[in-house]
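Reviewing the structure listed below.
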Amino acid sequence: MLLEIKDLSIEFHDHDAPERVVNHVSFGLEEGEILGLVGESGSGKSMTAMAVAGLLKRHDIKKSGEILFEGEGLLNAPRPKLRKYQGNDIGIVFQEPMSSLNPVKKIGRQVEESLKIHRPDMDKNARKKRALEVMAEVELPEPELIYKKYPHELSGGMRQRVMIASAMICEPKLLIADEPTTALDVTIQLQIVKLLQRLNREKNMAVLFISHDLSLVKRLCGRVVVMQNGNVVEQGGTQEIFDNPKQPYTRELILAIPRPVRL
């Protein structure tokens, strides 16, 4: 098992009364698997992903349970240990690339950042070569040209591909994609999903795909974990979940999928 989440709970303690946002969550992710983590806003899915990525703040939060990556415990690991995994074995793509990318740094420098941390022996030319390779892998047109551009000079879909390139540059074993298509139009959404499918197939890279869009989850994921109010309410094979949902909440999510209008 590549990733195991065991009895994970997360509480905020920055208010008068503690607020539990993730409640005894357990699921696993195999090497090379694509798993969908779904639910409405506030269901706890992104908070779970942040815990896996080691991005939760250290104060005013209580965490319990276990997060194991290849058997190594990450939930309460010290910062130096987490940095060995962040951007190296575990890559993450966020929802809105414009807020994640630095507007005053050129694309090439941002794509290369993880190499400077995790591949300190690589010189400038080797980093650039690898950046151009991974930009081509994510189907950015004319990587040499885009390498020299700033984020505002790119379309939303191209910026999201840059984010994927940045997450992929160290060839991670796990890619966390947290609502990576929300800000994109439908055509670009499908292109990003097909890109993730291809990268998963070619690299044998596991993907944790977090979304409230079940139509994309059905197209991309082999298994699904459904969260509501911080709890896992149902999990299983994607086809099984869609054909025979056992929980009312899952049925409501599936019924909410927009159906095409026939004219």
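Identifiers for the structure tokens are assigned positionally: chains receive A, B, ... in sequence, residues are indexed from 1 per chain, and ligands are indexed from 1 in the order shown.
Once Glu240 of chain A and its same-chain neighbours fewer than 6 positions away are set aside, A:Arg223, A:Val224, A:Lys246 remain within 10 Å of it when counting only C-alpha atoms.
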Restricted to N, CA, C and O atoms, what would the selected residues look like written as a JSON list (two decimals), in the first residue's frame?
[["chain", "number", "residue", "atom", "x", "y", "z"],
["A", 223, "ARG", "N", -11.52, 4.01, -8.01],
["A", 223, "ARG", "CA", -12.25, 3.88, -6.75],
["A", 223, "ARG", "C", -12.64, 5.26, -6.25],
["A", 223, "ARG", "O", -12.04, 6.27, -6.63],
["A", 224, "VAL", "N", -13.65, 5.29, -5.36],
["A", 224, "VAL", "CA", -14.17, 6.56, -4.84],
["A", 224, "VAL", "C", -14.35, 6.46, -3.34],
["A", 224, "VAL", "O", -14.83, 5.44, -2.82],
["A", 246, "LYS", "N", -25.08, 3.16, -1.76],
["A", 246, "LYS", "CA", -25.77, 2.62, -0.59],
["A", 246, "LYS", "C", -26.27, 3.70, 0.36],
["A", 246, "LYS", "O", -27.18, 3.47, 1.15]]
Residues near Ile61 of chain A, cut-off 7 Å, only C-alpha atoms, skip fewer than 5 positions along chain, as a PyMOL selection string: chain A and resi 10-13
With distances taken over only C-alpha atoms, which of A:Arg159, A:Arg83, A:Lys62, A:Ala126 is nearest to Ser99 of chain A?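 For Ser99 of chain A, the nearest of the candidates is A:Arg159.
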Could you list, as a list of chain:residue names, every residue within 12 Å of Gly71 of chain A, counting only C-alpha atoms and ignoring same-chain residues fewer than 5 positions away?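 Here the qualifying residues turn out to be A:Met1, A:Leu2, A:Leu3, A:Glu4, A:Ile5, A:Lys6, A:Gly28, A:Glu66.
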Which segment 47-145 of chain A residues have any atom within 9 Å of an atom of segment 163-175 of chain A, and for each, what is the nearest pair of atoms with distance in Å to one decimal, counting only C-alpha atoms, rows sorted by chain and number, as JSON lines?
{"residue": "A:Tyr85", "atom": "CA", "partner": "A:Pro172", "partner_atom": "CA", "distance": 8.8}
{"residue": "A:Gly87", "atom": "CA", "partner": "A:Ala167", "partner_atom": "CA", "distance": 6.3}
{"residue": "A:Asn88", "atom": "CA", "partner": "A:Cys170", "partner_atom": "CA", "distance": 5.3}
{"residue": "A:Asp89", "atom": "CA", "partner": "A:Pro172", "partner_atom": "CA", "distance": 4.1}
{"residue": "A:Ile90", "atom": "CA", "partner": "A:Leu174", "partner_atom": "CA", "distance": 4.9}
{"residue": "A:Gly91", "atom": "CA", "partner": "A:Ala167", "partner_atom": "CA", "distance": 4.6}
{"residue": "A:Ile92", "atom": "CA", "partner": "A:Leu175", "partner_atom": "CA", "distance": 5.6}
{"residue": "A:Val93", "atom": "CA", "partner": "A:Met163", "partner_atom": "CA", "distance": 6.0}
{"residue": "A:Phe94", "atom": "CA", "partner": "A:Met163", "partner_atom": "CA", "distance": 7.8}
{"residue": "A:Pro97", "atom": "CA", "partner": "A:Met163", "partner_atom": "CA", "distance": 6.5}
{"residue": "A:Ser100", "atom": "CA", "partner": "A:Met163", "partner_atom": "CA", "distance": 8.2}
{"residue": "A:Leu101", "atom": "CA", "partner": "A:Met163", "partner_atom": "CA", "distance": 7.8}
{"residue": "A:Gln110", "atom": "CA", "partner": "A:Ser166", "partner_atom": "CA", "distance": 7.1}
{"residue": "A:Val111", "atom": "CA", "partner": "A:Ser166", "partner_atom": "CA", "distance": 4.4}
{"residue": "A:Glu112", "atom": "CA", "partner": "A:Ser166", "partner_atom": "CA", "distance": 7.0}
{"residue": "A:Glu113", "atom": "CA", "partner": "A:Ser166", "partner_atom": "CA", "distance": 7.7}
{"residue": "A:Ser114", "atom": "CA", "partner": "A:Cys170", "partner_atom": "CA", "distance": 7.1}
{"residue": "A:Leu115", "atom": "CA", "partner": "A:Cys170", "partner_atom": "CA", "distance": 6.8}
{"residue": "A:His118", "atom": "CA", "partner": "A:Cys170", "partner_atom": "CA", "distance": 7.8}
{"residue": "A:Arg119", "atom": "CA", "partner": "A:Cys170", "partner_atom": "CA", "distance": 8.4}
{"residue": "A:Arg130", "atom": "CA", "partner": "A:Ile169", "partner_atom": "CA", "distance": 7.3}
{"residue": "A:Ala131", "atom": "CA", "partner": "A:Ile169", "partner_atom": "CA", "distance": 6.8}
{"residue": "A:Glu133", "atom": "CA", "partner": "A:Ile169", "partner_atom": "CA", "distance": 8.8}
{"residue": "A:Val134", "atom": "CA", "partner": "A:Ala165", "partner_atom": "CA", "distance": 5.7}
{"residue": "A:Met135", "atom": "CA", "partner": "A:Ala165", "partner_atom": "CA", "distance": 5.6}
{"residue": "A:Ala136", "atom": "CA", "partner": "A:Ala165", "partner_atom": "CA", "distance": 8.7}
{"residue": "A:Glu137", "atom": "CA", "partner": "A:Ala165", "partner_atom": "CA", "distance": 7.8}
{"residue": "A:Val138", "atom": "CA", "partner": "A:Ala165", "partner_atom": "CA", "distance": 6.3}
Closest to Phe242 of chain A among A:Asn200, A:Ser215, A:Ser26, A:Asn229, using only C-alpha atoms? A:Ser215
Could you tell me, as number ranges by chain, which residues of segment 17-153 of chain A DSSP assigns to strand (DSSP E) when given the backbone? A: 19-29, 34-38, 61-69, 72-73, 90-93
For the atom pair atom CA of Ala53 of chain A and atom CA of Cys221 of chain A, what is the interatomic distance in Å to one decimal place?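 Between atom CA of Ala53 of chain A and atom CA of Cys221 of chain A the gap is 20.0 Å.
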